[in-house]
>>> print(open('work14.cif').read())   # mmCIF, C-alpha atoms, pLDDT in the B column; chains and numbers go by the auth columns
data_final
#
loop_
_atom_site.group_PDB
_atom_site.id
_atom_site.type_symbol
_atom_site.label_atom_id
_atom_site.label_comp_id
_atom_site.label_asym_id
_atom_site.label_seq_id
_atom_site.Cartn_x
_atom_site.Cartn_y
_atom_site.Cartn_z
_atom_site.B_iso_or_equiv
_atom_site.auth_seq_id
_atom_site.auth_asym_id
ATOM 1 C CA ALA A 1 1.750 -23.254 -5.488 48.00 1 A
ATOM 2 C CA VAL A 2 -0.308 -26.267 -6.616 44.00 2 A
ATOM 3 C CA LEU A 3 0.802 -25.788 -10.217 46.00 3 A
ATOM 4 C CA PHE A 4 4.410 -25.506 -9.083 46.00 4 A
ATOM 5 C CA ARG A 5 4.189 -28.780 -7.165 48.00 5 A
ATOM 6 C CA LEU A 6 2.788 -30.388 -10.297 42.00 6 A
ATOM 7 C CA GLY A 7 5.745 -29.165 -12.320 51.00 7 A
ATOM 8 C CA GLU A 8 3.835 -26.468 -14.209 60.00 8 A
ATOM 9 C CA TYR A 9 6.531 -23.868 -13.583 69.00 9 A
ATOM 10 C CA ASP A 10 5.865 -21.560 -16.533 74.00 10 A
ATOM 11 C CA GLU A 11 2.126 -21.493 -15.882 81.00 11 A
ATOM 12 C CA SER A 12 2.640 -20.887 -12.177 82.00 12 A
ATOM 13 C CA LEU A 13 4.925 -17.949 -12.944 88.00 13 A
ATOM 14 C CA ALA A 14 2.534 -16.526 -15.534 89.00 14 A
ATOM 15 C CA LEU A 15 -0.421 -16.690 -13.139 90.00 15 A
ATOM 16 C CA ALA A 16 1.551 -14.953 -10.394 91.00 16 A
ATOM 17 C CA GLU A 17 2.561 -12.195 -12.810 94.00 17 A
ATOM 18 C CA ARG A 18 -1.019 -11.803 -14.025 94.00 18 A
ATOM 19 C CA ALA A 19 -2.347 -11.590 -10.463 95.00 19 A
ATOM 20 C CA LEU A 20 0.135 -8.812 -9.743 96.00 20 A
ATOM 21 C CA GLU A 21 -0.948 -6.876 -12.844 96.00 21 A
ATOM 22 C CA ILE A 22 -4.620 -7.146 -11.876 96.00 22 A
ATOM 23 C CA ARG A 23 -4.021 -5.916 -8.334 96.00 23 A
ATOM 24 C CA LEU A 24 -1.831 -3.059 -9.510 97.00 24 A
ATOM 25 C CA GLN A 25 -4.608 -1.902 -11.803 96.00 25 A
ATOM 26 C CA ALA A 26 -7.302 -2.367 -9.181 96.00 26 A
ATOM 27 C CA PHE A 27 -5.581 -0.961 -6.086 96.00 27 A
ATOM 28 C CA GLY A 28 -2.544 1.040 -7.161 96.00 28 A
ATOM 29 C CA PRO A 29 1.112 0.436 -6.270 95.00 29 A
ATOM 30 C CA GLU A 30 0.892 1.076 -2.513 96.00 30 A
ATOM 31 C CA HIS A 31 -1.845 -1.379 -1.482 96.00 31 A
ATOM 32 C CA GLN A 32 -1.096 -4.302 0.819 96.00 32 A
ATOM 33 C CA ASP A 33 -2.755 -6.686 -1.648 96.00 33 A
ATOM 34 C CA VAL A 34 -0.157 -5.612 -4.209 97.00 34 A
ATOM 35 C CA ALA A 35 2.542 -6.419 -1.661 97.00 35 A
ATOM 36 C CA ALA A 36 0.964 -9.857 -1.195 96.00 36 A
ATOM 37 C CA SER A 37 1.036 -10.458 -4.964 96.00 37 A
ATOM 38 C CA LEU A 38 4.641 -9.294 -5.131 97.00 38 A
ATOM 39 C CA THR A 39 5.427 -11.812 -2.406 96.00 39 A
ATOM 40 C CA ASN A 40 3.634 -14.630 -4.244 93.00 40 A
ATOM 41 C CA LEU A 41 5.561 -13.852 -7.430 94.00 41 A
ATOM 42 C CA ALA A 42 8.806 -13.655 -5.455 95.00 42 A
ATOM 43 C CA ASN A 43 8.076 -17.040 -3.856 91.00 43 A
ATOM 44 C CA THR A 44 7.731 -18.574 -7.314 90.00 44 A
ATOM 45 C CA GLN A 45 10.960 -16.981 -8.498 91.00 45 A
ATOM 46 C CA GLN A 46 12.685 -18.194 -5.342 88.00 46 A
ATOM 47 C CA MET A 47 11.519 -21.766 -5.891 86.00 47 A
ATOM 48 C CA LEU A 48 12.870 -21.565 -9.442 86.00 48 A
ATOM 49 C CA GLY A 49 16.246 -20.538 -8.050 86.00 49 A
ATOM 50 C CA HIS A 50 16.041 -16.964 -9.333 88.00 50 A
ATOM 51 C CA HIS A 51 17.249 -15.408 -6.085 88.00 51 A
ATOM 52 C CA ASP A 52 18.085 -11.981 -7.511 90.00 52 A
ATOM 53 C CA ARG A 53 14.633 -11.605 -9.077 92.00 53 A
ATOM 54 C CA ALA A 54 12.995 -12.814 -5.895 93.00 54 A
ATOM 55 C CA ARG A 55 15.032 -10.396 -3.819 94.00 55 A
ATOM 56 C CA ALA A 56 13.928 -7.391 -5.886 96.00 56 A
ATOM 57 C CA LEU A 57 10.282 -8.393 -5.532 97.00 57 A
ATOM 58 C CA TYR A 58 10.590 -9.030 -1.798 97.00 58 A
ATOM 59 C CA GLU A 59 12.228 -5.622 -1.388 97.00 59 A
ATOM 60 C CA ARG A 60 9.283 -3.962 -3.152 97.00 60 A
ATOM 61 C CA ALA A 61 6.816 -5.812 -0.919 98.00 61 A
ATOM 62 C CA LEU A 62 8.753 -4.886 2.225 98.00 62 A
ATOM 63 C CA ALA A 63 8.797 -1.212 1.249 98.00 63 A
ATOM 64 C CA ILE A 64 5.011 -1.215 0.789 98.00 64 A
ATOM 65 C CA TYR A 65 4.391 -2.861 4.161 98.00 65 A
ATOM 66 C CA GLU A 66 6.727 -0.459 5.931 98.00 66 A
ATOM 67 C CA ARG A 67 5.075 2.582 4.366 97.00 67 A
ATOM 68 C CA ARG A 68 1.580 1.357 5.171 96.00 68 A
ATOM 69 C CA PHE A 69 2.085 -0.134 8.634 96.00 69 A
ATOM 70 C CA GLY A 70 5.332 1.297 9.980 96.00 70 A
ATOM 71 C CA PRO A 71 8.606 -0.501 10.718 96.00 71 A
ATOM 72 C CA SER A 72 7.396 -2.778 13.522 96.00 72 A
ATOM 73 C CA HIS A 73 4.304 -4.533 12.151 96.00 73 A
ATOM 74 C CA PRO A 74 3.995 -8.359 11.973 95.00 74 A
ATOM 75 C CA ASP A 75 3.532 -8.129 8.193 96.00 75 A
ATOM 76 C CA VAL A 76 6.846 -6.280 8.036 97.00 76 A
ATOM 77 C CA ALA A 77 8.449 -9.132 10.008 97.00 77 A
ATOM 78 C CA MET A 78 7.178 -11.677 7.479 96.00 78 A
ATOM 79 C CA ALA A 79 8.473 -9.562 4.607 97.00 79 A
ATOM 80 C CA LEU A 80 11.864 -9.331 6.322 97.00 80 A
ATOM 81 C CA ILE A 81 12.031 -13.117 6.673 96.00 81 A
ATOM 82 C CA ASN A 82 11.148 -13.575 3.002 95.00 82 A
ATOM 83 C CA LEU A 83 13.817 -11.123 1.903 96.00 83 A
ATOM 84 C CA ALA A 84 16.374 -12.652 4.262 95.00 84 A
ATOM 85 C CA GLY A 85 15.721 -16.070 2.720 91.00 85 A
ATOM 86 C CA ALA A 86 16.430 -14.711 -0.761 92.00 86 A
ATOM 87 C CA LEU A 87 19.601 -13.028 0.480 93.00 87 A
ATOM 88 C CA GLU A 88 20.694 -16.270 2.093 90.00 88 A
ATOM 89 C CA GLY A 89 20.159 -18.013 -1.239 85.00 89 A
ATOM 90 C CA SER A 90 22.446 -15.421 -2.842 86.00 90 A
ATOM 91 C CA HIS A 91 25.085 -15.973 -0.113 88.00 91 A
ATOM 92 C CA GLU A 92 24.577 -12.504 1.378 92.00 92 A
ATOM 93 C CA ASP A 93 24.613 -13.961 4.858 92.00 93 A
ATOM 94 C CA ARG A 94 25.553 -10.835 6.787 92.00 94 A
ATOM 95 C CA ARG A 95 22.581 -8.843 5.495 94.00 95 A
ATOM 96 C CA ALA A 96 20.293 -11.864 5.849 95.00 96 A
ATOM 97 C CA LEU A 97 21.332 -12.246 9.484 96.00 97 A
ATOM 98 C CA ALA A 98 20.437 -8.638 10.274 97.00 98 A
ATOM 99 C CA LEU A 99 16.996 -9.059 8.689 97.00 99 A
ATOM 100 C CA PHE A 100 16.269 -12.336 10.487 97.00 100 A
ATOM 101 C CA GLU A 101 17.250 -10.740 13.797 97.00 101 A
ATOM 102 C CA ARG A 102 15.062 -7.699 13.132 98.00 102 A
ATOM 103 C CA ALA A 103 12.109 -9.925 12.212 97.00 103 A
ATOM 104 C CA LEU A 104 12.495 -11.907 15.437 97.00 104 A
ATOM 105 C CA GLN A 105 12.637 -8.696 17.476 97.00 105 A
ATOM 106 C CA ILE A 106 9.425 -7.432 15.851 98.00 106 A
ATOM 107 C CA ARG A 107 7.588 -10.686 16.489 97.00 107 A
ATOM 108 C CA GLU A 108 8.744 -10.884 20.095 97.00 108 A
ATOM 109 C CA ALA A 109 7.573 -7.284 20.642 97.00 109 A
ATOM 110 C CA THR A 110 4.216 -7.492 18.861 96.00 110 A
ATOM 111 C CA LEU A 111 2.945 -11.058 19.262 96.00 111 A
ATOM 112 C CA PRO A 112 1.870 -13.004 22.367 93.00 112 A
ATOM 113 C CA PRO A 113 4.779 -14.925 23.956 90.00 113 A
ATOM 114 C CA GLY A 114 3.498 -18.329 22.832 92.00 114 A
ATOM 115 C CA HIS A 115 2.736 -17.412 19.227 95.00 115 A
ATOM 116 C CA PRO A 116 4.123 -19.954 16.724 95.00 116 A
ATOM 117 C CA ASP A 117 5.443 -17.195 14.442 96.00 117 A
ATOM 118 C CA ILE A 118 8.005 -16.340 17.121 97.00 118 A
ATOM 119 C CA ALA A 119 9.163 -19.948 17.098 96.00 119 A
ATOM 120 C CA TRP A 120 9.395 -19.978 13.310 95.00 120 A
ATOM 121 C CA ALA A 121 11.489 -16.798 13.356 96.00 121 A
ATOM 122 C CA ARG A 122 13.876 -18.412 15.831 97.00 122 A
ATOM 123 C CA LEU A 123 14.156 -21.506 13.637 95.00 123 A
ATOM 124 C CA ALA A 124 14.881 -19.414 10.543 94.00 124 A
ATOM 125 C CA LEU A 125 17.621 -17.581 12.425 95.00 125 A
ATOM 126 C CA ALA A 126 18.950 -20.910 13.754 95.00 126 A
ATOM 127 C CA SER A 127 19.333 -22.249 10.222 92.00 127 A
ATOM 128 C CA LEU A 128 21.439 -19.286 9.145 94.00 128 A
ATOM 129 C CA LYS A 129 23.531 -19.412 12.330 95.00 129 A
ATOM 130 C CA ARG A 130 24.236 -23.077 11.604 92.00 130 A
ATOM 131 C CA ASP A 131 25.275 -22.316 8.031 91.00 131 A
ATOM 132 C CA GLN A 132 27.607 -19.590 9.324 92.00 132 A
ATOM 133 C CA GLY A 133 29.261 -22.061 11.679 92.00 133 A
ATOM 134 C CA ASP A 134 27.887 -20.569 14.907 94.00 134 A
ATOM 135 C CA LEU A 135 26.728 -23.957 16.125 93.00 135 A
ATOM 136 C CA GLN A 136 26.263 -23.023 19.771 94.00 136 A
ATOM 137 C CA ALA A 137 23.884 -20.175 18.918 96.00 137 A
ATOM 138 C CA ALA A 138 22.126 -22.324 16.323 95.00 138 A
ATOM 139 C CA ARG A 139 21.567 -25.133 18.831 95.00 139 A
ATOM 140 C CA ALA A 140 20.095 -22.766 21.410 96.00 140 A
ATOM 141 C CA LEU A 141 17.756 -21.222 18.842 97.00 141 A
ATOM 142 C CA TYR A 142 16.633 -24.629 17.575 95.00 142 A
ATOM 143 C CA VAL A 143 15.845 -25.756 21.121 96.00 143 A
ATOM 144 C CA ARG A 144 13.843 -22.593 21.879 96.00 144 A
ATOM 145 C CA GLY A 145 12.092 -22.745 18.517 97.00 145 A
ATOM 146 C CA ILE A 146 11.092 -26.377 18.967 96.00 146 A
ATOM 147 C CA ARG A 147 9.815 -25.699 22.483 97.00 147 A
ATOM 148 C CA GLY A 148 7.804 -22.792 21.137 96.00 148 A
ATOM 149 C CA LEU A 149 6.201 -24.964 18.465 95.00 149 A
ATOM 150 C CA GLU A 150 5.464 -27.674 21.026 96.00 150 A
ATOM 151 C CA ASP A 151 3.695 -25.139 23.227 95.00 151 A
ATOM 152 C CA ALA A 152 1.771 -23.588 20.327 95.00 152 A
ATOM 153 C CA LEU A 153 0.951 -26.654 18.205 93.00 153 A
ATOM 154 C CA GLY A 154 1.285 -29.570 20.583 94.00 154 A
ATOM 155 C CA PRO A 155 4.118 -32.118 20.871 93.00 155 A
ATOM 156 C CA ALA A 156 2.708 -34.429 18.171 90.00 156 A
ATOM 157 C CA HIS A 157 2.415 -31.895 15.344 89.00 157 A
ATOM 158 C CA ILE A 158 4.097 -32.862 12.084 86.00 158 A
ATOM 159 C CA GLU A 159 5.618 -29.378 11.730 88.00 159 A
ATOM 160 C CA LEU A 160 8.065 -30.385 14.473 91.00 160 A
ATOM 161 C CA ALA A 161 9.641 -33.129 12.371 87.00 161 A
ATOM 162 C CA TYR A 162 11.954 -30.960 10.269 88.00 162 A
ATOM 163 C CA PRO A 163 13.239 -28.774 13.154 91.00 163 A
ATOM 164 C CA LEU A 164 13.917 -31.949 15.121 91.00 164 A
ATOM 165 C CA LEU A 165 15.932 -33.278 12.201 87.00 165 A
ATOM 166 C CA GLU A 166 17.899 -30.036 11.945 89.00 166 A
ATOM 167 C CA LEU A 167 18.682 -30.120 15.663 92.00 167 A
ATOM 168 C CA ALA A 168 19.693 -33.779 15.354 88.00 168 A
ATOM 169 C CA ARG A 169 22.295 -32.807 12.746 85.00 169 A
ATOM 170 C CA LEU A 170 23.945 -30.518 15.319 88.00 170 A
ATOM 171 C CA GLU A 171 23.925 -32.948 18.226 80.00 171 A
ATOM 172 C CA ASP A 172 26.491 -35.606 19.016 71.00 172 A
ATOM 173 C CA GLY A 173 26.094 -38.860 20.841 67.00 173 A
ATOM 174 C CA ALA A 174 22.873 -40.294 22.199 71.00 174 A
ATOM 175 C CA ALA A 175 20.808 -37.147 21.605 79.00 175 A
ATOM 176 C CA THR A 176 20.856 -37.558 17.814 82.00 176 A
ATOM 177 C CA PRO A 177 19.111 -40.960 17.620 84.00 177 A
ATOM 178 C CA ALA A 178 16.484 -39.837 20.129 86.00 178 A
ATOM 179 C CA LEU A 179 15.668 -36.735 18.085 87.00 179 A
ATOM 180 C CA CYS A 180 15.563 -38.706 14.834 85.00 180 A
ATOM 181 C CA GLU A 181 13.338 -41.381 16.324 86.00 181 A
ATOM 182 C CA ARG A 182 10.928 -38.723 17.522 87.00 182 A
ATOM 183 C CA ALA A 183 10.860 -37.126 14.061 85.00 183 A
ATOM 184 C CA LEU A 184 10.254 -40.549 12.490 83.00 184 A
ATOM 185 C CA GLN A 185 7.321 -41.146 14.826 85.00 185 A
ATOM 186 C CA LEU A 186 5.770 -37.805 13.922 83.00 186 A
ATOM 187 C CA LEU A 187 6.119 -38.526 10.210 81.00 187 A
ATOM 188 C CA ALA A 188 4.729 -42.041 10.592 79.00 188 A
ATOM 189 C CA ASP A 189 1.757 -40.809 12.602 67.00 189 A
ATOM 190 C CA ASN A 190 1.002 -38.063 10.081 64.00 190 A
ATOM 191 C CA THR A 191 1.891 -39.874 6.827 63.00 191 A
ATOM 192 C CA GLY A 192 4.733 -37.415 6.297 53.00 192 A
ATOM 193 C CA ALA A 193 6.612 -36.660 3.103 63.00 193 A
ATOM 194 C CA PRO A 194 8.664 -39.664 1.957 63.00 194 A
ATOM 195 C CA GLU A 195 11.694 -37.499 1.095 66.00 195 A
ATOM 196 C CA LEU A 196 11.889 -36.127 4.639 64.00 196 A
ATOM 197 C CA LEU A 197 11.280 -39.599 6.067 64.00 197 A
ATOM 198 C CA ALA A 198 14.221 -40.958 4.082 69.00 198 A
ATOM 199 C CA GLU A 199 16.420 -38.058 5.194 70.00 199 A
ATOM 200 C CA VAL A 200 15.630 -38.660 8.863 71.00 200 A
ATOM 201 C CA ARG A 201 16.428 -42.356 8.473 73.00 201 A
ATOM 202 C CA LEU A 202 19.763 -41.521 6.875 73.00 202 A
ATOM 203 C CA VAL A 203 20.750 -39.180 9.708 70.00 203 A
ATOM 204 C CA LEU A 204 19.609 -41.763 12.265 68.00 204 A
ATOM 205 C CA ALA A 205 21.643 -44.516 10.603 69.00 205 A
ATOM 206 C CA GLY A 206 24.764 -42.346 10.625 64.00 206 A
ATOM 207 C CA ALA A 207 24.260 -41.433 14.266 59.00 207 A
ATOM 208 C CA LEU A 208 23.799 -45.044 15.316 58.00 208 A
ATOM 209 C CA TRP A 209 26.896 -46.068 13.370 56.00 209 A
ATOM 210 C CA ARG A 210 28.989 -43.453 15.204 55.00 210 A
ATOM 211 C CA LEU A 211 27.832 -44.512 18.662 48.00 211 A
ATOM 212 C CA PRO A 212 30.378 -46.620 20.561 50.00 212 A
ATOM 213 C CA ALA A 213 29.533 -50.270 20.980 47.00 213 A
ATOM 214 C CA ASP A 214 28.419 -51.386 24.422 47.00 214 A
#
>>> encode(input="work14.cif", output="structure tokens")
Amino acid sequence: AVLFRLGEYDESLALAERALEIRLQAFGPEHQDVAASLTNLANTQQMLGHHDRARALYERALAIYERRFGPSHPDVAMALINLAGALEGSHEDRRALALFERALQIREATLPPGHPDIAWARLALASLKRDQGDLQAARALYVRGIRGLEDALGPAHIELAYPLLELARLEDGAATPALCERALQLLADNTGAPELLAEVRLVLAGALWRLPAD
């Protein structure tokens, strides 16, 4: 991941492939560490925009987790979310939706009620619902996801900034500036990413421009 952020795409991919080969030789094809290496390689392919390659790797990882742990394990939920993300990137929204919903059900059934992974699953599902045009469902999921992160991480955690921005995009009227201003404060307090900071400012400016004059 560090190499990828530095722009060393070929080296990052080669290292992920090599790590998979080593674990296959050491543990065999059904070990959970092999599934983890498949996931790492898939993540790299996904970041490169190779959604079909990523999907095949995520599917292999999911199959290993399901065989080792059964269909309702938290590791299976994470594998489902990874695969759903690749499917979403390939515009297979219907299948992605089913996987996101299954992952959320697993996490709600197996994790404590306030666990942040439940909130993240809701936010992932909210994003797809928004892209499908189901704005009412997306808004409700964003609100529940943000509340879950607030409870788990605290109201001043930087991880709240992006979900707040995504909710702000769905809101109309006075709610949008308030959400953007909160996201800006979180980013300022935590020296957040400049790209996200600029994006929040842009959404805030548009929202303020649309508000009626007093």
>>> resolve_selection(input="work14.cif", expression="the PyMOL selection byres ((chain A and resi 72-78) around 8)", output="number ranges by chain")
A: 62, 65-66, 69-71, 79-82, 102-104, 106-107, 110-111
>>> residues_around(input="work14.cif", residues="Leu123 in chain A", least_positions_apart="5", cutoff="7 Å", atoms="all atoms listed in the file", output="PyMOL selection string")
chain A and resi 141-142+145
>>> atom_distance(input="work14.cif", atom1="CA of Ala161 in chain A", atom2="CA of Gly114 in chain A")
19.1 Å
>>> residues_around(input="work14.cif", residues="range 17-21 of chain A", least_positions_apart="3", cutoff="9 Å", atoms="only C-alpha atoms", output="list in words")
Ser12, Leu13, Ala14, Leu24, Gln25, Ala26, Asp33, Val34, Ala35, Ala36, Ser37, Leu38, Asn40 and Leu41 of chain A
>>> closest_atom_pairs(input="work14.cif", of="range 2-113 of chain A", to="range 125-137 of chain A", cutoff="9 Å", atoms="all atoms listed in the file", output="CSV")
residue,atom,partner,partner_atom,distance
A:Glu88,CA,A:Leu128,CA,7.7
A:Asp93,CA,A:Leu128,CA,7.5
A:Ala96,CA,A:Leu128,CA,8.2
A:Leu97,CA,A:Leu128,CA,7.0
A:Phe100,CA,A:Leu125,CA,5.8
A:Glu101,CA,A:Leu125,CA,7.0
A:Leu104,CA,A:Leu125,CA,8.2
>>> write_last_selection(input="work14.cif", atoms="C-alpha atoms", output="PDB file, in the coordinates of the input")
ATOM      1  CA  GLU A  88      20.694 -16.270   2.093  1.00 90.00           C
ATOM      2  CA  ASP A  93      24.613 -13.961   4.858  1.00 92.00           C
ATOM      3  CA  ALA A  96      20.293 -11.864   5.849  1.00 95.00           C
ATOM      4  CA  LEU A  97      21.332 -12.246   9.484  1.00 96.00           C
ATOM      5  CA  PHE A 100      16.269 -12.336  10.487  1.00 97.00           C
ATOM      6  CA  GLU A 101      17.250 -10.740  13.797  1.00 97.00           C
ATOM      7  CA  LEU A 104      12.495 -11.907  15.437  1.00 97.00           C
TER       8      LEU A 104
END
>>> resolve_selection(input="work14.cif", expression="the PyMOL selection byres ((chain A and resi 180-183) around 8)", output="list in words")
Leu160, Ala161, Tyr162, Leu164, Leu165, Ala168, Thr176, Pro177, Ala178, Leu179, Leu184, Gln185, Leu186, Leu187, Val200, Arg201, Val203 and Leu204 of chain A
>>> closest_residue(input="work14.cif", among="A:His115, A:Arg67, A:His51, A:Arg60", to="Gly85 in chain A", atoms="all atoms listed in the file")
A:His51
>>> atom_distance(input="work14.cif", atom1="CA of Leu83 in chain A", atom2="CA of Glu159 in chain A")
22.3 Å
>>> closest_residue(input="work14.cif", among="A:Arg68, A:Ile146, A:Glu59, A:Asp10", to="Thr44 in chain A", atoms="only C-alpha atoms")
A:Asp10
>>> closest_residue(input="work14.cif", among="A:His157, A:Ala86, A:Arg169, A:His91", to="Met47 in chain A", atoms="all atoms listed in the file")
A:Ala86
>>> axis_aligned_box(input="work14.cif", around="range 31-36 of chain A", padding_each_side="8 Å", output="AutoDock Vina command-line options")
--center_x -0.1 --center_y -5.6 --center_z -1.7 --size_x 21.3 --size_y 24.5 --size_z 21.0
>>> closest_residue(input="work14.cif", among="A:Ala119, A:Ala188, A:Ala56, A:Leu48", to="Asp151 in chain A", atoms="all atoms listed in the file")
A:Ala119
>>> atom_distance(input="work14.cif", atom1="CA of Arg144 in chain A", atom2="CA of Ala98 in chain A")
19.3 Å
